[in-house]
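Reading through the structure tokens given below for one structure.
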Protein chains: 4
Amino acid sequence: MKYSRDDILDSAVDLIDREGIGVSTARVAAHAGVSNGTLFHYFPTKQDFIDALYLRVKRSLADAIGETDVTDPPKDRAHQVWDRWVAWALSAPARHRVVLLLKGGGVVRPEAVSEAAALFSGVTDVLDAAAKDGTLVPMPLPYLAAVVEAQVDVAVTAQLDGAARDTAFEMAWASISSRLP
Amino acid sequence: MKYSRDDILDSAVDLIDREGIGVSTARVAAHAGVSNGTLFHYFPTKQDFIDALYLRVKRSLADAIGETDVTDPPKDRAHQVWDRWVAWALSAPARHRVVLLLKGGGVVRPEAVSEAAALFSGVTDVLDAAAKDGTLVPMPLPYLAAVVEAQVDVAVTAQLDGAARDTAFEMAWASISSRLP
Amino acid sequence: MKYSRDDILDSAVDLIDREGIGVSTARVAAHAGVSNGTLFHYFPTKQDFIDALYLRVKRSLADAIGETDVTDPPKDRAHQVWDRWVAWALSAPARHRVVLLLKGGGVVRPEAVSEAAALFSGVTDVLDAAAKDGTLVPMPLPYLAAVVEAQVDVAVTAQLDGAARDTAFEMAWASISSRLP
Amino acid sequence: MKYSRDDILDSAVDLIDREGIGVSTARVAAHAGVSNGTLFHYFPTKQDFIDALYLRVKRSLADAIGETDVTDPPKDRAHQVWDRWVAWALSAPARHRVVLLLKGGGVVRPEAVSEAAALFSGVTDVLDAAAKDGTLVPMPLPYLAAVVEAQVDVAVTAQLDGAARDTAFEMAWASISSRLP
DNA sequence: GATGAATGAGCCTTCATTCAT
DNA sequence: AATGAATGAAGGCTCATTCAT
């Protein structure tokens, strides 16, 4: 009655953050204050559960990033995205770590990964805009996106804040900006 | 026939690359053409096995990178490291993917991680040299190292080669280089 | 069908009597008509299972012995205990042998042993009473108890009955009775 | 070269006393400073090893008891046997405990048990003599022997010495002595 | 919908035993 | 005789999943 799908997912974030992928469904259920059977009522398969967990966290990140003002210069928009992203991660580090774990461990189904990727149009839009400006290094956009994302992860894992956070953004931006002779 | 510890480890790289962390020790042994018992004769624990695997691959990378000429300018040395690193990864992509998987999945013991990190003094030396030149962004060296490593991983995963590989290096170098107004 | 913890334990008595300590949990489960997993659902550990088995049998013996009339002379009470004890053992020899096996083989956890010992206050009371009468040899009561118990085991193992059973009691009683010059 | 069958057995006594039946042959070999293979060179089977261990300890007890003077009165001879028995056990408690463990755990082959029993003619002779005197309770001699042995075990386990040891003997003797109206 | 007992396949690990050296 | 690497069957235990209530 009190417990919904999402409550179970949210409770699992902490648990998996602490104990790693590989926690048993039993422990996940217990940690959520739910019976074994209830877990499987919501998620027919452990794989389904993991994918759902991944998607939920990713969605919360996408929501946190939201949209940026199309009329602003790309770099400003990118900076805004960066700040929101890092803020989101720092506000609940477990969520960020769990996403890294699930993706890095290769336990999320590819379909879930791409479904999640689709949520981040707000981010790709910024890169698109920058690319149109000729601001960016001539490489495939997905590659540039990956380079930036990798740096967000590093920045967050390093728990940067204050000036360091801005410096980190400048580093990321520098890496993808075209440079003139 | 003579099977050594290392033969088992080498054979496991392919298997884990294909089937993910989570392969059973039985499959690992079978894939190496060795009995179940033999695996545990060499590696008392599955954890020991995984750590050993991680270390072996990391060591092979460290060997491939080797040293660079101290008299060369830091950026050149860095480029050399970059090229060797990417070449190593492309010459045996499975090894690279397995390292990402093991580390990303959080299944390697921290001690093994730091033991492996110690092997890469050849890389840190280059950053040290660059830092002394005032060439680098004023951030902790380990952070800069992490930013570069993250970009290597992205580049390798993207299977870049030719000109793109050089561009990717320039991107990484740009991210950590200090910029004047 | 409904299988309880106790059904599994009861079924195990025969099996262990026949095949010795060292029967696999798999065989125990199969013999009880239960799946392997069910066994571990009730007994998290084989050790837990063994302790539970020991306790269950001991408890059944304690129940069989029950209480004796405090107003009777100690020797009569002792005789009654003796008879009930032997009768219990003969009515289900496997139970008796299993207890000897578990205890003698040193596979029962000490805590279980003392927990079981606590069940036999009905027996110790009789010795206490006799001791107060000055009827007993001046030795520590636990020692006298051990001497009697040892003789019960011998008597039961020898499958004595009829007059021999009474003689055996007289022997045991003689061993702990004080003798005048 | 330095290590004989018996050295391995002797070394195993302590180990099994400490760790119970169930020690692996590997540990037994290591504890004896011998290789895995050497153990199986001497004892083709673990069962063979256990039987040999049991026999060796029993033989040492039989030797310690030796013979008693046929012209002495049975009770004196019995007392002598008792004293030597207890002394033997106290001089190396591990040996005694191991015998109890092996026998009690039901891991010794019956043939080994009877082969060992045959070594104790020195003891049975005393009972025979006493029986001929009419000194004993009218029960089968093996039963009386068992009753006495059980009490030795109790006495030894209790680590009795001094006067208590004599009292314990009197108790045992009383249990098997015929009593007149 | 929610529960939790029951399942059984599968996993990691142990260990007696073999055998080439 | 002595060694110890190699074996593989077997064991204890876990866990995702099912299902009757």
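Residues are named by chain letter and number: chains run A, B, ... in the order of the structure tokens, numbers start at 1 in each chain, and ligands are numbered from 1 in the order shown.
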
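When the distance limit is 10 Å and only C-alpha atoms (C1' of nucleotides) are what count, the residues near C:Thr157, minus those fewer than 3 positions from it on the same chain, are Val86, Ala89, Leu90, Pro93, His96, Arg97, Leu100, Gln151, Val152, Asp153, Val154 and Leu160 of chain C; Tyr143 of chain D.
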
Export N, CA, C and O atoms of the chosen residues as a short mmCIF file (atom, residue, chain, number, x, y, z; two decimals), in the first residue's frame?
```
data_model
loop_
_atom_site.label_atom_id
_atom_site.label_comp_id
_atom_site.auth_asym_id
_atom_site.auth_seq_id
_atom_site.Cartn_x
_atom_site.Cartn_y
_atom_site.Cartn_z
N VAL C 86 16.30 -45.74 29.54
CA VAL C 86 16.58 -46.92 28.73
C VAL C 86 15.40 -47.22 27.81
O VAL C 86 15.58 -47.57 26.63
N ALA C 89 15.49 -44.97 24.87
CA ALA C 89 16.55 -45.35 23.93
C ALA C 89 16.16 -46.59 23.13
O ALA C 89 16.37 -46.65 21.91
N LEU C 90 15.57 -47.56 23.82
CA LEU C 90 15.23 -48.79 23.11
C LEU C 90 14.06 -48.59 22.16
O LEU C 90 13.94 -49.27 21.15
N PRO C 93 16.14 -46.72 18.85
CA PRO C 93 17.60 -46.83 19.04
C PRO C 93 18.36 -45.84 18.18
O PRO C 93 19.43 -45.37 18.57
N HIS C 96 19.15 -42.61 19.88
CA HIS C 96 20.22 -42.71 20.86
C HIS C 96 21.59 -42.76 20.19
O HIS C 96 22.53 -42.06 20.57
N ARG C 97 21.67 -43.58 19.14
CA ARG C 97 22.96 -43.69 18.46
C ARG C 97 23.38 -42.37 17.84
O ARG C 97 24.56 -42.01 17.84
N LEU C 100 24.89 -40.12 20.40
CA LEU C 100 26.26 -40.53 20.72
C LEU C 100 27.22 -40.12 19.61
O LEU C 100 28.33 -39.65 19.86
N GLN C 151 27.17 -45.04 31.94
CA GLN C 151 26.66 -46.40 32.09
C GLN C 151 25.32 -46.58 31.39
O GLN C 151 25.01 -47.67 30.90
N VAL C 152 24.54 -45.54 31.35
CA VAL C 152 23.30 -45.64 30.56
C VAL C 152 23.66 -45.94 29.12
O VAL C 152 23.09 -46.84 28.48
N ASP C 153 24.62 -45.21 28.62
CA ASP C 153 24.98 -45.40 27.22
C ASP C 153 25.45 -46.82 26.97
O ASP C 153 25.08 -47.45 25.98
N VAL C 154 26.26 -47.34 27.90
CA VAL C 154 26.72 -48.72 27.73
C VAL C 154 25.54 -49.68 27.77
O VAL C 154 25.42 -50.57 26.93
N LEU C 160 20.27 -53.99 26.70
CA LEU C 160 19.83 -54.80 27.84
C LEU C 160 18.32 -54.68 28.03
O LEU C 160 17.74 -53.65 27.76
N TYR D 143 30.45 -56.79 28.88
CA TYR D 143 29.66 -55.69 29.39
C TYR D 143 30.38 -55.02 30.55
O TYR D 143 30.48 -53.79 30.62
#
```

> Can you list, as a ChimeraX atom specification, every protein, DNA or RNA residue that comes within 8 Å of F:DT7 when you count only C-alpha atoms (C1' of nucleotides), leaving out same-chain residues fewer than 6 positions away?
Replying inline: /B:35,37-38 /E:18

Now that the selection is made, can you save its residues with N, CA, C and O atoms (P, O5', C5', C4', C3', O3' and C1' of nucleotides) as a short mmCIF file (atom, residue, chain, number, x, y, z; two decimals), in the first residue's frame?
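And here's again25.cif as it stands now:
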```
data_model
loop_
_atom_site.label_atom_id
_atom_site.label_comp_id
_atom_site.auth_asym_id
_atom_site.auth_seq_id
_atom_site.Cartn_x
_atom_site.Cartn_y
_atom_site.Cartn_z
N SER B 35 41.49 -27.91 -15.47
CA SER B 35 40.42 -28.39 -14.60
C SER B 35 40.08 -27.33 -13.57
O SER B 35 40.89 -26.45 -13.24
N GLY B 37 39.84 -27.59 -10.44
CA GLY B 37 40.75 -27.59 -9.31
C GLY B 37 42.02 -26.82 -9.59
O GLY B 37 42.58 -26.17 -8.70
N THR B 38 42.49 -26.92 -10.81
CA THR B 38 43.75 -26.24 -11.15
C THR B 38 43.63 -24.73 -10.98
O THR B 38 44.55 -24.06 -10.52
P DT E 18 44.23 -43.19 -6.14
"O5'" DT E 18 44.92 -42.45 -7.39
"C5'" DT E 18 44.10 -41.82 -8.34
"C4'" DT E 18 44.96 -41.06 -9.33
"C3'" DT E 18 46.17 -41.84 -9.87
"O3'" DT E 18 46.20 -41.65 -11.27
"C1'" DT E 18 46.88 -39.76 -9.01
#
```

>> Excluding E:DC11 and its own-chain neighbours fewer than 2 positions away, which residues fall within 12 Å of it when counting only C-alpha atoms (C1' of nucleotides)? Please give them as number ranges by chain.
In response: B: 22-27, 46; E: 9, 13; F: 11-15

Those same residues, written as a compact mmCIF listing (two decimals), in the first residue's frame with C-alpha atoms (C1' of nucleotides)?
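After the write, again_2.txt holds the following:
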```txt
# COMPACT_ATOMS: atom_id res chain seq x y z
CA GLY B 22 30.18 -12.94 -13.60
CA VAL B 23 31.54 -15.77 -15.66
CA SER B 24 31.81 -18.76 -13.44
CA THR B 25 35.20 -20.04 -12.43
CA ALA B 26 34.17 -23.28 -14.04
CA ARG B 27 33.85 -21.62 -17.41
CA LYS B 46 37.88 -15.94 -7.29
C1' DA E 9 20.11 -24.83 -10.90
C1' DT E 13 35.50 -23.99 -3.02
C1' DG F 11 29.95 -30.41 -0.92
C1' DG F 12 27.83 -26.43 1.28
C1' DC F 13 25.49 -22.56 0.17
C1' DT F 14 23.16 -18.66 -2.62
C1' DC F 15 19.73 -16.76 -5.19
```

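We find atom C1' of E:DG1 and atom CA of A:Ile16 to be spaced 26.5 Å apart.
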
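The least-squares superposition of chain D onto chain C, using every Cα atom in order, ends with an RMSD of 0.4 Å.
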
> Could you write out as a PyMOL selection string the residues of chain F within 10 Å of chain B, counting only C-alpha atoms (C1' of nucleotides)?
Replying inline: chain F and resi 5-8

May I have the residues from that selection written out with N, CA, C and O atoms (P, O5', C5', C4', C3', O3' and C1' of nucleotides), as a short mmCIF file (atom, residue, chain, number, x, y, z; two decimals), in the first residue's frame?
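Below is the file again.cif, written as the result:
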```
data_model
loop_
_atom_site.label_atom_id
_atom_site.label_comp_id
_atom_site.auth_asym_id
_atom_site.auth_seq_id
_atom_site.Cartn_x
_atom_site.Cartn_y
_atom_site.Cartn_z
P DA F 5 53.24 -27.18 -6.55
"O5'" DA F 5 52.75 -27.23 -8.06
"C5'" DA F 5 53.63 -27.75 -9.05
"C4'" DA F 5 52.83 -28.55 -10.08
"C3'" DA F 5 51.54 -27.88 -10.53
"O3'" DA F 5 51.38 -28.15 -11.91
"C1'" DA F 5 51.04 -29.98 -9.57
P DA F 6 50.19 -27.47 -12.68
"O5'" DA F 6 49.08 -28.62 -12.71
"C5'" DA F 6 49.35 -29.81 -13.43
"C4'" DA F 6 48.20 -30.77 -13.26
"C3'" DA F 6 46.81 -30.16 -13.48
"O3'" DA F 6 46.20 -30.82 -14.57
"C1'" DA F 6 46.87 -31.48 -11.49
P DT F 7 44.76 -30.41 -15.01
"O5'" DT F 7 43.86 -31.44 -14.20
"C5'" DT F 7 44.14 -32.83 -14.36
"C4'" DT F 7 43.27 -33.63 -13.42
"C3'" DT F 7 41.77 -33.31 -13.52
"O3'" DT F 7 41.10 -34.45 -14.00
"C1'" DT F 7 42.48 -33.50 -11.25
P DG F 8 39.97 -34.32 -15.08
"O5'" DG F 8 38.70 -34.61 -14.17
"C5'" DG F 8 38.67 -35.77 -13.38
"C4'" DG F 8 37.66 -35.59 -12.26
"C3'" DG F 8 36.39 -34.84 -12.67
"O3'" DG F 8 35.31 -35.34 -11.90
"C1'" DG F 8 37.36 -33.74 -10.91
#
```

>> Taking only C-alpha atoms (C1' of nucleotides) into account, find every residue of chain E that has an atom no more than 12 Å from chain B, and write it out as a list in words.
In response: DG10, DC11, DC12, DT13, DT14, DC15 and DA20 of chain E
